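J.: As input, take target_26.pdb (PDB, C-alpha atoms):
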```
ATOM      1  CA  SER K 424       0.000   0.000   0.000
ATOM      2  CA  ASN K 425       3.070   2.266   0.275
ATOM      3  CA  GLN K 426       3.587   2.135  -3.514
ATOM      4  CA  PRO K 427       2.633   5.395  -5.313
ATOM      5  CA  ASP K 428      -0.433   5.400  -7.517
ATOM      6  CA  LEU K 429       1.209   5.560 -10.963
ATOM      7  CA  SER K 430      -2.042   6.180 -12.824
ATOM      8  CA  ALA K 431      -2.773   9.199 -10.641
ATOM      9  CA  THR K 432       0.799  10.444 -11.106
ATOM     10  CA  LEU K 433       0.578  10.138 -14.901
ATOM     11  CA  LEU K 434      -2.772  11.900 -14.889
ATOM     12  CA  LEU K 435      -1.360  14.806 -12.907
ATOM     13  CA  ASP K 436       1.645  15.015 -15.254
ATOM     14  CA  CYS K 437      -0.654  15.247 -18.278
ATOM     15  CA  MET K 438      -2.949  17.902 -16.859
ATOM     16  CA  HIS K 439      -2.697  21.333 -18.432
ATOM     17  CA  PRO K 440      -1.269  24.064 -16.147
ATOM     18  CA  SER K 441      -4.519  25.998 -16.490
ATOM     19  CA  VAL K 442      -6.322  23.175 -14.649
ATOM     20  CA  PHE K 443      -4.036  23.632 -11.686
ATOM     21  CA  GLU K 444      -4.654  27.380 -11.834
ATOM     22  CA  LEU K 445      -8.390  26.757 -11.822
ATOM     23  CA  VAL K 446      -8.161  24.435  -8.817
ATOM     24  CA  ALA K 447      -6.074  27.003  -6.948
ATOM     25  CA  ALA K 448      -8.544  29.732  -7.891
ATOM     26  CA  LYS K 449     -11.447  27.627  -6.619
ATOM     27  CA  ARG K 450      -9.712  27.097  -3.278
ATOM     28  CA  ASN K 451      -9.149  30.826  -2.987
ATOM     29  CA  GLU K 452     -12.694  31.754  -4.005
ATOM     30  CA  LYS K 453     -13.809  32.402  -0.438
ATOM     31  CA  LYS K 454     -10.608  34.300   0.310
ATOM     32  CA  ASN K 455     -11.173  36.442  -2.796
ATOM     33  CA  ARG K 456     -14.693  37.307  -1.690
ATOM     34  CA  ILE K 457     -13.377  38.497   1.674
ATOM     35  CA  LEU K 458     -10.587  40.402  -0.060
ATOM     36  CA  TYR K 459     -13.127  42.095  -2.330
ATOM     37  CA  MET K 460     -15.023  43.462   0.666
ATOM     38  CA  ARG K 461     -11.783  44.784   2.159
ATOM     39  CA  MET K 462     -10.390  46.314  -1.039
ATOM     40  CA  ALA K 463      -9.085  49.861  -0.848
ATOM     41  CA  LYS K 464     -11.488  52.386  -2.375
ATOM     42  CA  PRO K 465      -9.356  53.015  -5.523
ATOM     43  CA  GLN K 466      -9.695  49.348  -6.551
ATOM     44  CA  LEU K 467     -13.441  49.405  -5.943
ATOM     45  CA  GLU K 468     -13.608  52.403  -8.256
ATOM     46  CA  VAL K 469     -11.653  50.473 -10.916
ATOM     47  CA  VAL K 470     -14.230  47.652 -10.777
ATOM     48  CA  LYS K 471     -17.097  50.146 -11.158
ATOM     49  CA  ASP K 472     -15.343  51.969 -14.019
ATOM     50  CA  ILE K 473     -14.688  48.709 -15.880
ATOM     51  CA  LEU K 474     -18.314  47.604 -15.473
ATOM     52  CA  GLN K 475     -19.532  50.934 -16.850
ATOM     53  CA  LEU K 476     -17.224  50.667 -19.860
ATOM     54  CA  LYS K 477     -18.283  47.055 -20.391
ATOM     55  CA  ASN K 478     -21.975  47.995 -20.360
ATOM     56  CA  SER K 479     -21.262  50.762 -22.877
ATOM     57  CA  LEU K 480     -19.541  48.232 -25.165
ATOM     58  CA  SER K 481     -22.480  45.850 -24.771
ATOM     59  CA  SER K 482     -24.870  48.615 -25.810
ATOM     60  CA  GLU K 483     -22.830  49.195 -28.988
ATOM     61  CA  LEU K 484     -22.744  45.449 -29.666
ATOM     62  CA  GLN K 485     -26.532  45.218 -29.490
ATOM     63  CA  LYS K 486     -26.839  47.806 -32.293
ATOM     64  CA  GLY K 487     -25.452  45.249 -34.763
ATOM     65  CA  ASP K 488     -24.015  46.675 -37.983
ATOM     66  CA  GLY K 489     -25.174  50.159 -36.997
ATOM     67  CA  PHE K 490     -22.841  50.478 -34.009
ATOM     68  CA  ASP K 491     -20.642  53.568 -33.622
ATOM     69  CA  SER K 492     -17.093  52.392 -34.441
ATOM     70  CA  ALA K 493     -15.473  55.632 -33.215
ATOM     71  CA  ARG K 494     -17.184  55.386 -29.836
ATOM     72  CA  THR K 495     -16.367  51.677 -29.592
ATOM     73  CA  LEU K 496     -12.694  52.355 -30.314
ATOM     74  CA  ASP K 497     -12.654  55.092 -27.676
ATOM     75  CA  ILE K 498     -14.114  52.682 -25.061
ATOM     76  CA  LEU K 499     -11.534  50.011 -25.954
ATOM     77  CA  GLN K 500      -8.715  52.538 -25.623
ATOM     78  CA  GLN K 501     -10.052  53.599 -22.222
ATOM     79  CA  LEU K 502     -10.020  49.948 -21.128
ATOM     80  CA  ASP K 503      -6.412  49.653 -22.272
ATOM     81  CA  LYS K 504      -5.465  52.487 -19.906
ATOM     82  CA  GLN K 505      -7.190  50.991 -16.850
ATOM     83  CA  PRO K 506      -5.074  49.303 -14.095
ATOM     84  CA  ILE K 507      -6.679  45.880 -14.643
ATOM     85  CA  ASP K 508      -5.404  42.813 -12.765
ATOM     86  CA  LEU K 509      -6.644  39.211 -12.608
ATOM     87  CA  PHE K 510      -9.016  39.972  -9.736
ATOM     88  CA  VAL K 511     -10.693  42.801 -11.690
ATOM     89  CA  LEU K 512     -10.897  40.595 -14.805
ATOM     90  CA  SER K 513     -12.599  37.779 -12.924
ATOM     91  CA  LYS K 514     -15.053  40.104 -11.195
ATOM     92  CA  THR K 515     -16.090  42.100 -14.272
ATOM     93  CA  LEU K 516     -15.710  39.458 -17.034
ATOM     94  CA  VAL K 517     -15.070  42.353 -19.389
ATOM     95  CA  GLY K 518     -13.188  40.086 -21.822
ATOM     96  CA  THR K 519     -16.414  38.402 -22.947
ATOM     97  CA  ILE K 520     -17.604  41.630 -24.564
ATOM     98  CA  VAL K 521     -14.224  42.822 -25.850
ATOM     99  CA  SER K 522     -13.553  39.500 -27.618
ATOM    100  CA  LYS K 523     -16.716  39.906 -29.711
ATOM    101  CA  PHE K 524     -15.108  42.827 -31.574
ATOM    102  CA  LYS K 525     -11.962  40.940 -32.661
ATOM    103  CA  ASN K 526     -13.282  40.151 -36.137
ATOM    104  CA  ASP K 527     -14.927  43.501 -36.786
ATOM    105  CA  ASP K 528     -14.608  45.054 -40.263
ATOM    106  CA  ASN K 529     -13.071  48.175 -38.747
ATOM    107  CA  ASN K 530      -9.338  47.428 -38.557
ATOM    108  CA  ASP K 531      -8.709  49.766 -35.610
ATOM    109  CA  VAL K 532     -11.512  48.211 -33.541
ATOM    110  CA  SER K 533     -10.491  44.622 -34.335
ATOM    111  CA  SER K 534      -6.755  45.161 -33.749
ATOM    112  CA  THR K 535      -7.362  46.975 -30.430
ATOM    113  CA  SER K 536      -9.707  44.196 -29.288
ATOM    114  CA  LYS K 537      -7.168  41.496 -30.185
ATOM    115  CA  SER K 538      -4.408  43.395 -28.393
ATOM    116  CA  LEU K 539      -6.499  43.666 -25.210
ATOM    117  CA  VAL K 540      -7.466  39.975 -25.291
ATOM    118  CA  ARG K 541      -3.820  38.909 -25.783
ATOM    119  CA  LYS K 542      -2.715  41.111 -22.890
ATOM    120  CA  TRP K 543      -5.419  39.790 -20.561
ATOM    121  CA  LYS K 544      -4.834  36.147 -21.535
ATOM    122  CA  LYS K 545      -1.151  36.570 -20.738
ATOM    123  CA  LEU K 546      -2.102  38.063 -17.378
ATOM    124  CA  ALA K 547      -4.493  35.177 -16.667
ATOM    125  CA  LYS K 548      -1.976  32.463 -17.600
ATOM    126  CA  ALA K 549       0.655  34.115 -15.415
ATOM    127  CA  GLY K 550      -1.681  33.815 -12.443
ATOM    128  CA  GLY K 551      -2.480  37.504 -12.343
ATOM    129  CA  VAL K 552       0.930  38.662 -11.070
ATOM    130  CA  PRO K 553       1.249  42.322 -12.155
ATOM    131  CA  SER K 554       4.441  43.801 -13.548
ATOM    132  CA  SER K 555       6.777  45.466 -11.077
ATOM    133  CA  SER K 556       5.821  48.949 -12.277
ATOM    134  CA  THR K 557       2.093  48.188 -11.946
ATOM    135  CA  ALA K 558       2.615  46.736  -8.481
ATOM    136  CA  ILE K 559       4.568  49.814  -7.418
ATOM    137  CA  ASN K 560       1.937  52.201  -8.804
ATOM    138  CA  THR K 561      -0.903  50.242  -7.185
ATOM    139  CA  SER K 562       0.932  50.180  -3.871
ATOM    140  CA  LYS K 563       1.470  53.929  -4.063
ATOM    141  CA  GLU K 564      -2.202  54.572  -4.870
ATOM    142  CA  VAL K 565      -3.407  52.437  -1.969
ATOM    143  CA  GLY K 566      -0.857  54.061   0.323
ATOM    144  CA  LYS K 567      -2.001  57.550  -0.695
ATOM    145  CA  SER K 568      -5.631  56.557  -0.148
ATOM    146  CA  LEU K 569      -4.958  55.204   3.333
ATOM    147  CA  THR K 570      -2.863  58.263   4.197
ATOM    148  CA  ALA K 571      -5.680  60.557   3.048
ATOM    149  CA  GLN K 572      -8.150  58.620   5.188
ATOM    150  CA  ARG K 573      -5.897  58.944   8.211
ATOM    151  CA  ILE K 574      -5.585  62.692   7.629
ATOM    152  CA  LYS K 575      -9.348  63.043   7.150
ATOM    153  CA  HIS K 576     -10.105  61.014  10.280
ATOM    154  CA  PRO K 577      -7.027  61.440  12.500
ATOM    155  CA  PRO K 578      -6.867  59.184  15.552
ATOM    156  CA  SER K 579      -7.461  60.858  18.859
ATOM    157  CA  VAL K 580      -4.193  61.560  20.639
ATOM    158  CA  ALA K 581      -3.877  61.899  24.374
ATOM    159  CA  PRO K 582      -2.277  65.133  25.636
ATOM    160  CA  ALA K 583       1.491  64.972  25.897
ATOM    161  CA  SER K 584       2.821  64.171  29.324
ATOM    162  CA  SER K 585       4.633  66.941  31.120
ATOM    163  CA  SER K 586       7.161  64.446  32.460
ATOM    164  CA  PRO K 587       9.765  63.391  29.879
ATOM    165  CA  GLY K 588      10.019  59.658  29.225
ATOM    166  CA  LEU K 589       6.498  58.914  30.497
ATOM    167  CA  LYS K 590       3.895  57.538  28.110
ATOM    168  CA  PRO K 591       0.742  59.719  27.879
ATOM    169  CA  GLN K 592      -2.266  58.114  29.572
ATOM    170  CA  ALA K 593      -5.632  57.728  27.824
ATOM    171  CA  PRO K 594      -8.598  59.176  29.735
ATOM    172  CA  ALA K 595     -10.244  56.618  32.016
ATOM    173  CA  VAL K 596     -13.561  55.123  30.916
ATOM    174  CA  PRO K 597     -16.322  55.388  33.533
ATOM    175  CA  ILE K 598     -16.953  51.933  34.992
ATOM    176  CA  ASN K 599     -20.363  50.626  35.987
ATOM    177  CA  PRO K 600     -19.992  48.874  39.404
ATOM    178  CA  GLU K 601     -22.096  46.021  38.031
ATOM    179  CA  TRP K 602     -19.282  45.143  35.579
ATOM    180  CA  SER K 603     -16.894  44.201  38.373
ATOM    181  CA  LYS K 604     -18.892  40.973  38.786
ATOM    182  CA  TYR K 605     -18.235  39.992  35.152
ATOM    183  CA  PRO K 606     -15.322  37.899  33.856
ATOM    184  CA  THR K 607     -12.461  39.911  32.333
ATOM    185  CA  LEU K 608     -13.599  39.324  28.736
ATOM    186  CA  ARG K 609     -17.060  40.762  29.376
ATOM    187  CA  GLN K 610     -15.630  43.697  31.339
ATOM    188  CA  ASN K 611     -13.367  44.604  28.402
ATOM    189  CA  ILE K 612     -16.256  44.455  25.931
ATOM    190  CA  CYS K 613     -18.307  46.793  28.131
ATOM    191  CA  LYS K 614     -15.407  49.273  28.315
ATOM    192  CA  LYS K 615     -14.924  49.280  24.524
ATOM    193  CA  LEU K 616     -18.630  49.847  23.858
ATOM    194  CA  MET K 617     -18.635  52.589  26.488
ATOM    195  CA  GLU K 618     -15.821  54.366  24.636
ATOM    196  CA  VAL K 619     -17.834  54.268  21.417
ATOM    197  CA  PHE K 620     -21.024  55.710  22.893
ATOM    198  CA  LEU K 621     -19.092  58.439  24.742
ATOM    199  CA  LEU K 622     -18.010  59.783  21.335
ATOM    200  CA  ASP K 623     -21.381  61.554  21.511
ATOM    201  CA  THR K 624     -20.622  63.979  24.330
ATOM    202  CA  LYS K 625     -24.294  64.973  24.735
ATOM    203  CA  ASN K 626     -25.162  61.538  26.142
ATOM    204  CA  PRO K 627     -25.275  61.366  29.967
ATOM    205  CA  VAL K 628     -22.704  58.898  31.290
ATOM    206  CA  ASP K 629     -25.174  56.986  33.473
ATOM    207  CA  GLU K 630     -27.598  56.459  30.552
ATOM    208  CA  VAL K 631     -24.777  55.296  28.312
ATOM    209  CA  SER K 632     -23.557  52.931  31.020
ATOM    210  CA  ASN K 633     -27.010  51.378  31.381
ATOM    211  CA  LEU K 634     -27.366  51.007  27.595
ATOM    212  CA  VAL K 635     -23.958  49.336  27.290
ATOM    213  CA  THR K 636     -24.843  46.960  30.122
ATOM    214  CA  LYS K 637     -28.069  45.960  28.340
ATOM    215  CA  ILE K 638     -26.226  45.374  25.048
ATOM    216  CA  GLU K 639     -23.590  43.187  26.687
ATOM    217  CA  LEU K 640     -26.194  41.231  28.679
ATOM    218  CA  GLU K 641     -28.102  40.537  25.451
ATOM    219  CA  MET K 642     -24.899  39.247  23.782
ATOM    220  CA  ASP K 643     -24.068  37.156  26.846
ATOM    221  CA  SER K 644     -27.571  35.668  26.823
ATOM    222  CA  LYS K 645     -27.344  34.791  23.133
ATOM    223  CA  PHE K 646     -23.793  33.405  22.962
ATOM    224  CA  GLN K 647     -22.977  32.382  26.584
ATOM    225  CA  PRO K 648     -19.230  32.980  25.969
ATOM    226  CA  MET K 649     -18.067  31.455  29.234
ATOM    227  CA  MET K 650     -19.726  28.102  28.491
ATOM    228  CA  ARG K 651     -20.742  27.765  24.842
ATOM    229  CA  ASP K 652     -19.817  30.205  22.033
ATOM    230  CA  ARG K 653     -16.916  32.438  23.010
ATOM    231  CA  GLN K 654     -15.918  32.984  19.366
ATOM    232  CA  GLY K 655     -19.435  34.080  18.350
ATOM    233  CA  TYR K 656     -19.544  36.500  21.282
ATOM    234  CA  THR K 657     -16.186  38.144  20.500
ATOM    235  CA  SER K 658     -16.978  38.277  16.776
ATOM    236  CA  LYS K 659     -20.293  40.050  17.405
ATOM    237  CA  ALA K 660     -18.622  42.429  19.848
ATOM    238  CA  ARG K 661     -15.970  43.402  17.267
ATOM    239  CA  GLN K 662     -18.705  43.814  14.632
ATOM    240  CA  LEU K 663     -20.701  46.158  16.884
ATOM    241  CA  ASN K 664     -17.668  48.122  18.011
ATOM    242  CA  PHE K 665     -16.462  48.674  14.418
ATOM    243  CA  ASN K 666     -19.823  49.706  12.949
ATOM    244  CA  LEU K 667     -21.121  51.765  15.873
ATOM    245  CA  LYS K 668     -17.963  53.882  15.751
ATOM    246  CA  LYS K 669     -18.799  54.906  12.174
ATOM    247  CA  ASN K 670     -22.596  54.877  12.276
ATOM    248  CA  VAL K 671     -23.581  57.981  14.221
ATOM    249  CA  ALA K 672     -27.231  57.619  13.195
ATOM    250  CA  LEU K 673     -27.469  54.107  14.644
ATOM    251  CA  ARG K 674     -25.901  55.240  17.929
ATOM    252  CA  GLY K 675     -28.509  58.001  18.107
ATOM    253  CA  ASN K 676     -31.357  55.578  17.421
ATOM    254  CA  LEU K 677     -30.139  53.328  20.220
ATOM    255  CA  THR K 678     -29.803  56.101  22.804
ATOM    256  CA  ASP K 679     -33.185  57.555  21.767
ATOM    257  CA  GLY K 680     -34.867  54.148  21.987
ATOM    258  CA  ASN K 681     -35.810  53.969  18.281
ATOM    259  CA  VAL K 682     -33.785  50.745  17.960
ATOM    260  CA  THR K 683     -33.945  48.156  20.726
ATOM    261  CA  VAL K 684     -31.004  46.185  22.080
ATOM    262  CA  GLN K 685     -32.609  42.967  20.840
ATOM    263  CA  GLU K 686     -32.891  44.401  17.308
ATOM    264  CA  LEU K 687     -29.279  45.551  17.427
ATOM    265  CA  ILE K 688     -27.909  42.098  18.268
ATOM    266  CA  LYS K 689     -29.869  40.535  15.374
ATOM    267  CA  MET K 690     -28.577  43.030  12.787
ATOM    268  CA  THR K 691     -26.337  41.813   9.965
ATOM    269  CA  PRO K 692     -23.102  43.655   9.049
ATOM    270  CA  GLN K 693     -24.974  45.259   6.117
ATOM    271  CA  GLN K 694     -27.703  46.550   8.444
ATOM    272  CA  LEU K 695     -25.119  47.873  10.901
ATOM    273  CA  ALA K 696     -23.232  49.796   8.213
ATOM    274  CA  THR K 697     -23.835  53.464   7.450
ATOM    275  CA  SER K 698     -26.387  54.323   4.763
ATOM    276  CA  GLU K 699     -23.580  55.520   2.461
ATOM    277  CA  LYS K 700     -21.732  52.205   2.823
ATOM    278  CA  ARG K 701     -24.902  50.215   2.176
ATOM    279  CA  GLU K 702     -25.655  52.210  -0.969
ATOM    280  CA  GLU K 703     -22.102  51.648  -2.238
ATOM    281  CA  GLN K 704     -22.292  47.880  -1.602
ATOM    282  CA  GLU K 705     -25.749  47.625  -3.208
ATOM    283  CA  SER K 706     -24.574  49.584  -6.257
ATOM    284  CA  ILE K 707     -21.595  47.267  -6.795
ATOM    285  CA  ALA K 708     -23.713  44.144  -6.231
ATOM    286  CA  LYS K 709     -26.317  45.372  -8.746
ATOM    287  CA  ALA K 710     -23.664  46.174 -11.359
ATOM    288  CA  MET K 711     -22.065  42.748 -10.928
ATOM    289  CA  GLU K 712     -25.445  40.986 -11.205
ATOM    290  CA  GLU K 713     -26.180  42.823 -14.465
ATOM    291  CA  SER K 714     -22.712  41.870 -15.668
ATOM    292  CA  ARG K 715     -23.323  38.194 -14.928
ATOM    293  CA  ARG K 716     -26.574  38.256 -16.922
ATOM    294  CA  LEU K 717     -24.802  39.793 -19.914
ATOM    295  CA  ASP K 718     -22.118  37.103 -19.752
ATOM    296  CA  TRP K 719     -24.458  34.117 -19.471
ATOM    297  CA  ASP K 720     -23.801  33.101 -23.078
ATOM    298  CA  THR K 721     -20.125  32.482 -22.300
ATOM    299  CA  ALA K 722     -20.775  29.666 -19.816
ATOM    300  CA  ASN K 723     -19.353  26.991 -22.118
ATOM    301  CA  GLU K 724     -15.973  28.657 -22.680
ATOM    302  CA  SER K 725     -12.830  26.952 -21.385
ATOM    303  CA  LYS K 726     -12.418  27.256 -17.624
ATOM    304  CA  ILE K 727      -9.456  29.599 -17.450
ATOM    305  CA  ASN K 728     -11.083  31.971 -19.951
ATOM    306  CA  GLU K 729     -14.414  31.708 -18.160
ATOM    307  CA  MET K 730     -12.715  32.825 -14.967
ATOM    308  CA  CYS K 731     -11.418  35.987 -16.678
ATOM    309  CA  GLY K 732     -14.091  36.461 -19.305
ATOM    310  CA  ILE K 733     -11.596  36.083 -22.174
ATOM    311  CA  LYS K 734     -12.646  34.322 -25.359
ATOM    312  CA  GLY K 735     -10.474  33.162 -28.247
ATOM    313  CA  ASP K 736      -6.812  33.703 -28.974
TER     314      ASP K 736
END
```
Starting from the coordinates I provided, produce the structure as C-alpha cells.
T.:
Amino acid sequence: SNQPDLSATLLLDCMHPSVFELVAAKRNEKKNRILYMRMAKPQLEVVKDILQLKNSLSSELQKGDGFDSARTLDILQQLDKQPIDLFVLSKTLVGTIVSKFKNDDNNDVSSTSKSLVRKWKKLAKAGGVPSSSTAINTSKEVGKSLTAQRIKHPPSVAPASSSPGLKPQAPAVPINPEWSKYPTLRQNICKKLMEVFLLDTKNPVDEVSNLVTKIELEMDSKFQPMMRDRQGYTSKARQLNFNLKKNVALRGNLTDGNVTVQELIKMTPQQLATSEKREEQESIAKAMEESRRLDWDTANESKINEMCGIKGD
C-alpha cells in the first residue's frame, strides 16, 4: 500500500497548467470574496469603471451593424489604460464583450480588441501577477488613499505628558460597578462599547452605562461565551464596536430608543453599516449581477477563460 499510484501520477503530469490554476482559484474563491469586501477604495472604483465601460460596449454590440465604431474604439482605448489585474478581470468578465469585436470590419476596432485579449490572456496564464511597475503604482495609490483617510479622520491623541520619558495616559472610561462581577472578557467588551457611545458627548454617562450593560447582557444571553460560544460573542462584539464607531445615526437611534437592544444584536453587518456604505455595496452588487446576466452566453468557454471572461486567442 506504500507504492505510489502511478495512474494518478501520470494523470497529474498530463494535466494542463490551467487546470491547476483553476483548482487554486477555486480554493481561494472564499478568500477572494473576503478580499473584495476589504479592497481599498481606488480598486473598488476600478471595478465600477470597468463595469460601466463594459456595459457601454455591450450597448454598442446590441446595435449590430449600426454600431458607432469611433465610440467603440474610444471605449476600448479607455479599457487599455485601466489598471486591470486578474481579480478585476474575474469580477467584471469584461473580456467576454471585448472578444466579440476581434473580427470587426473596422481594422482599428479589431486590432485593439485582439491586443487587449492577448494582454489579458497573458495576465491570466501568469496567475495575475502584475508587472513590477504596476505593483509599485498600485501600492502607491493604496498608500495615498490610506494616508488621506488617516488625515481626514485622524486618531485621537492623548495630551502629551509633562514628564519626559512617560507615556501619555488615555482618559479613564467610567466603569459601571455592576461590571466588576463579570469575567475579564465581558468587562473589556463593556469598556470598549462605552468608549464608542461616549463619542457623543451629549449623552449622559449613566444612561450610556445602562445602555452598554443591556447590550452586553443581550450578547451574553445569546452566545454564553463562558460556556458555549466564546468565538461568536467576540466576533459580534468586534462587529458592533467597528460599525457603531462609524454609524452615528445608529448610535442616536439606540440612545433615543428607536432601535432596541434585541434588534441591534440581530442586525447583519450590512444593516449595521452606514447608509452611504450600504448604498455603495448595493450599487456594486447590482452592477455585478447585471454583468453576470450579460455574460451568461459564455458559460461553455474553457475554464481559465471563463474565470477571466476572455474568449479566443
J.: Which of these residues is nearest to Gln475 in chain K, using all atoms listed in the file: K:Leu512, K:Ala660, K:Ala696, K:Leu502?
T.: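 Comparing K:Leu512, K:Ala660, K:Ala696, K:Leu502 against Gln475 in chain K, the winner is K:Leu502.
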J.: Of the candidates K:Ser632, K:Ser522, K:Asn529, K:Ser644, which one gets nearest to Tyr656 in chain K if we count all atoms listed in the file?
T.: K:Ser644
J.: Using all atoms listed in the file for the distances, tell me which of K:Lys637, K:Arg541, K:Arg609, K:Lys477 is nearest to Val521 in chain K.
T.: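 Among the listed residues, K:Lys477 lies closest to Val521 in chain K.
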J.: Considering all atoms listed in the file, return as an mmCIF file with C-alpha atoms, in the frame of the given file whatever protein or nucleic-acid residues lie within 12 Å of Asp528 in chain K, sequence-local ones (same chain, fewer than 6 positions apart) excluded.
T.:
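Here's the written file part30.cif:
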```
data_model
loop_
_atom_site.group_PDB
_atom_site.id
_atom_site.type_symbol
_atom_site.label_atom_id
_atom_site.label_comp_id
_atom_site.auth_asym_id
_atom_site.auth_seq_id
_atom_site.Cartn_x
_atom_site.Cartn_y
_atom_site.Cartn_z
ATOM 1 C CA ASP K 488 -24.015 46.675 -37.983
ATOM 2 C CA PHE K 490 -22.841 50.478 -34.009
ATOM 3 C CA SER K 492 -17.093 52.392 -34.441
ATOM 4 C CA SER K 534 -6.755 45.161 -33.749
#
```
J.: Translate the PyMOL selection byres ((chain K and resi 684-692) around 9) into a concrete residue list for this structure, as a VMD selection string.
T.: chain K and resid 634 637 to 638 641 to 642 645 659 662 to 663 666 677 680 682 to 683 693 to 696
J.: Could you give me the centre and size, in Å to one decimal, of an axis-aligned box around all listed atoms of range 507-521 of chain K with 3 Å added on every side, as AutoDock Vina command-line options?
T.:
```
--center_x -11.5 --center_y 41.8 --center_z -17.8 --size_x 18.2 --size_y 14.1 --size_z 22.1
```
J.: Quote the spacing between CA of Phe524 in chain K and CA of Thr495 in chain K in Å to one decimal place.
T.: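 Rounded to one decimal, the two atoms are 9.2 Å apart.
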J.: Record the distance separating CA of Leu608 in chain K and CA of Asp623 in chain K, expressed in Å with one decimal.
T.: 24.6 Å
J.: For the file shown, report as an NGL selection string the outcome of the PyMOL selection byres ((chain K and resi 631) around 12) at residue level.
T.: :K and (596-599 or 613-614 or 616-630 or 632-638 or 674-675 or 677-680)
J.: Measure the distance from CA of Asn611 in chain K to CA of Asp652 in chain K in Å and round it to one decimal.
T.: 17.0 Å
J.: Looking at K:Thr607, K:Ser536, K:Gln654, K:Thr697, which one is nearest to Leu667 in chain K, with distances taken over all atoms listed in the file?
T.: K:Thr697
J.: Check the smallest atom-to-atom distance from each of K:Val470, K:Leu496, K:Ala672, K:Ala710 to Asp508 in chain K using only C-alpha atoms, then report the winner.
T.: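 Using only C-alpha atoms, the shortest distance to Asp508 in chain K belongs to K:Val470.
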J.: So which one's closest to Trp543 in chain K, K:Glu703, K:Glu639, K:Asp503, K:Asp491? Using all atoms listed in the file, please.
T.: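 Among K:Glu703, K:Glu639, K:Asp503, K:Asp491, it is K:Asp503 that comes nearest to Trp543 in chain K.
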J.: For range 464-469 of chain K, supply all heavy atoms and format the output as a PDB file, keeping the file's coordinate frame.
T.:
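part-v3.pdb, written as the output of this step:
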```pdb
ATOM      1  N   LYS K 464     -10.497  51.712  -1.545  1.00  0.00           N
ATOM      2  CA  LYS K 464     -11.488  52.386  -2.375  1.00  0.00           C
ATOM      3  C   LYS K 464     -11.043  52.534  -3.827  1.00  0.00           C
ATOM      4  O   LYS K 464     -11.850  52.368  -4.735  1.00  0.00           O
ATOM      5  CB  LYS K 464     -11.841  53.735  -1.773  1.00  0.00           C
ATOM      6  CG  LYS K 464     -13.033  54.378  -2.458  1.00  0.00           C
ATOM      7  CD  LYS K 464     -13.463  55.632  -1.756  1.00  0.00           C
ATOM      8  CE  LYS K 464     -14.673  56.243  -2.455  1.00  0.00           C
ATOM      9  NZ  LYS K 464     -15.107  57.471  -1.811  1.00  0.00           N
ATOM     10  N   PRO K 465      -9.763  52.890  -4.120  1.00  0.00           N
ATOM     11  CA  PRO K 465      -9.356  53.015  -5.523  1.00  0.00           C
ATOM     12  C   PRO K 465      -9.644  51.760  -6.344  1.00  0.00           C
ATOM     13  O   PRO K 465     -10.055  51.857  -7.493  1.00  0.00           O
ATOM     14  CB  PRO K 465      -7.856  53.278  -5.415  1.00  0.00           C
ATOM     15  CG  PRO K 465      -7.679  53.944  -4.106  1.00  0.00           C
ATOM     16  CD  PRO K 465      -8.689  53.283  -3.211  1.00  0.00           C
ATOM     17  N   GLN K 466      -9.445  50.564  -5.787  1.00  0.00           N
ATOM     18  CA  GLN K 466      -9.695  49.348  -6.551  1.00  0.00           C
ATOM     19  C   GLN K 466     -11.186  49.113  -6.748  1.00  0.00           C
ATOM     20  O   GLN K 466     -11.619  48.613  -7.777  1.00  0.00           O
ATOM     21  CB  GLN K 466      -9.053  48.142  -5.880  1.00  0.00           C
ATOM     22  CG  GLN K 466      -8.972  46.933  -6.806  1.00  0.00           C
ATOM     23  CD  GLN K 466      -8.161  45.796  -6.230  1.00  0.00           C
ATOM     24  OE1 GLN K 466      -7.738  45.861  -5.088  1.00  0.00           O
ATOM     25  NE2 GLN K 466      -7.961  44.770  -7.016  1.00  0.00           N
ATOM     26  N   LEU K 467     -12.002  49.488  -5.767  1.00  0.00           N
ATOM     27  CA  LEU K 467     -13.441  49.405  -5.943  1.00  0.00           C
ATOM     28  C   LEU K 467     -13.885  50.310  -7.083  1.00  0.00           C
ATOM     29  O   LEU K 467     -14.763  49.957  -7.873  1.00  0.00           O
ATOM     30  CB  LEU K 467     -14.160  49.819  -4.650  1.00  0.00           C
ATOM     31  CG  LEU K 467     -14.183  48.804  -3.513  1.00  0.00           C
ATOM     32  CD1 LEU K 467     -14.783  49.432  -2.273  1.00  0.00           C
ATOM     33  CD2 LEU K 467     -14.961  47.572  -3.894  1.00  0.00           C
ATOM     34  N   GLU K 468     -13.269  51.476  -7.184  1.00  0.00           N
ATOM     35  CA  GLU K 468     -13.608  52.403  -8.256  1.00  0.00           C
ATOM     36  C   GLU K 468     -13.192  51.842  -9.615  1.00  0.00           C
ATOM     37  O   GLU K 468     -13.874  52.058 -10.619  1.00  0.00           O
ATOM     38  CB  GLU K 468     -12.932  53.756  -7.998  1.00  0.00           C
ATOM     39  CG  GLU K 468     -13.526  54.490  -6.810  1.00  0.00           C
ATOM     40  CD  GLU K 468     -12.789  55.769  -6.473  1.00  0.00           C
ATOM     41  OE1 GLU K 468     -11.693  55.980  -7.016  1.00  0.00           O
ATOM     42  OE2 GLU K 468     -13.320  56.533  -5.665  1.00  0.00           O
ATOM     43  N   VAL K 469     -12.072  51.113  -9.663  1.00  0.00           N
ATOM     44  CA  VAL K 469     -11.653  50.473 -10.916  1.00  0.00           C
ATOM     45  C   VAL K 469     -12.707  49.472 -11.375  1.00  0.00           C
ATOM     46  O   VAL K 469     -13.089  49.440 -12.547  1.00  0.00           O
ATOM     47  CB  VAL K 469     -10.283  49.772 -10.752  1.00  0.00           C
ATOM     48  CG1 VAL K 469      -9.973  48.914 -11.979  1.00  0.00           C
ATOM     49  CG2 VAL K 469      -9.175  50.795 -10.555  1.00  0.00           C
TER      50      VAL K 469
END
```
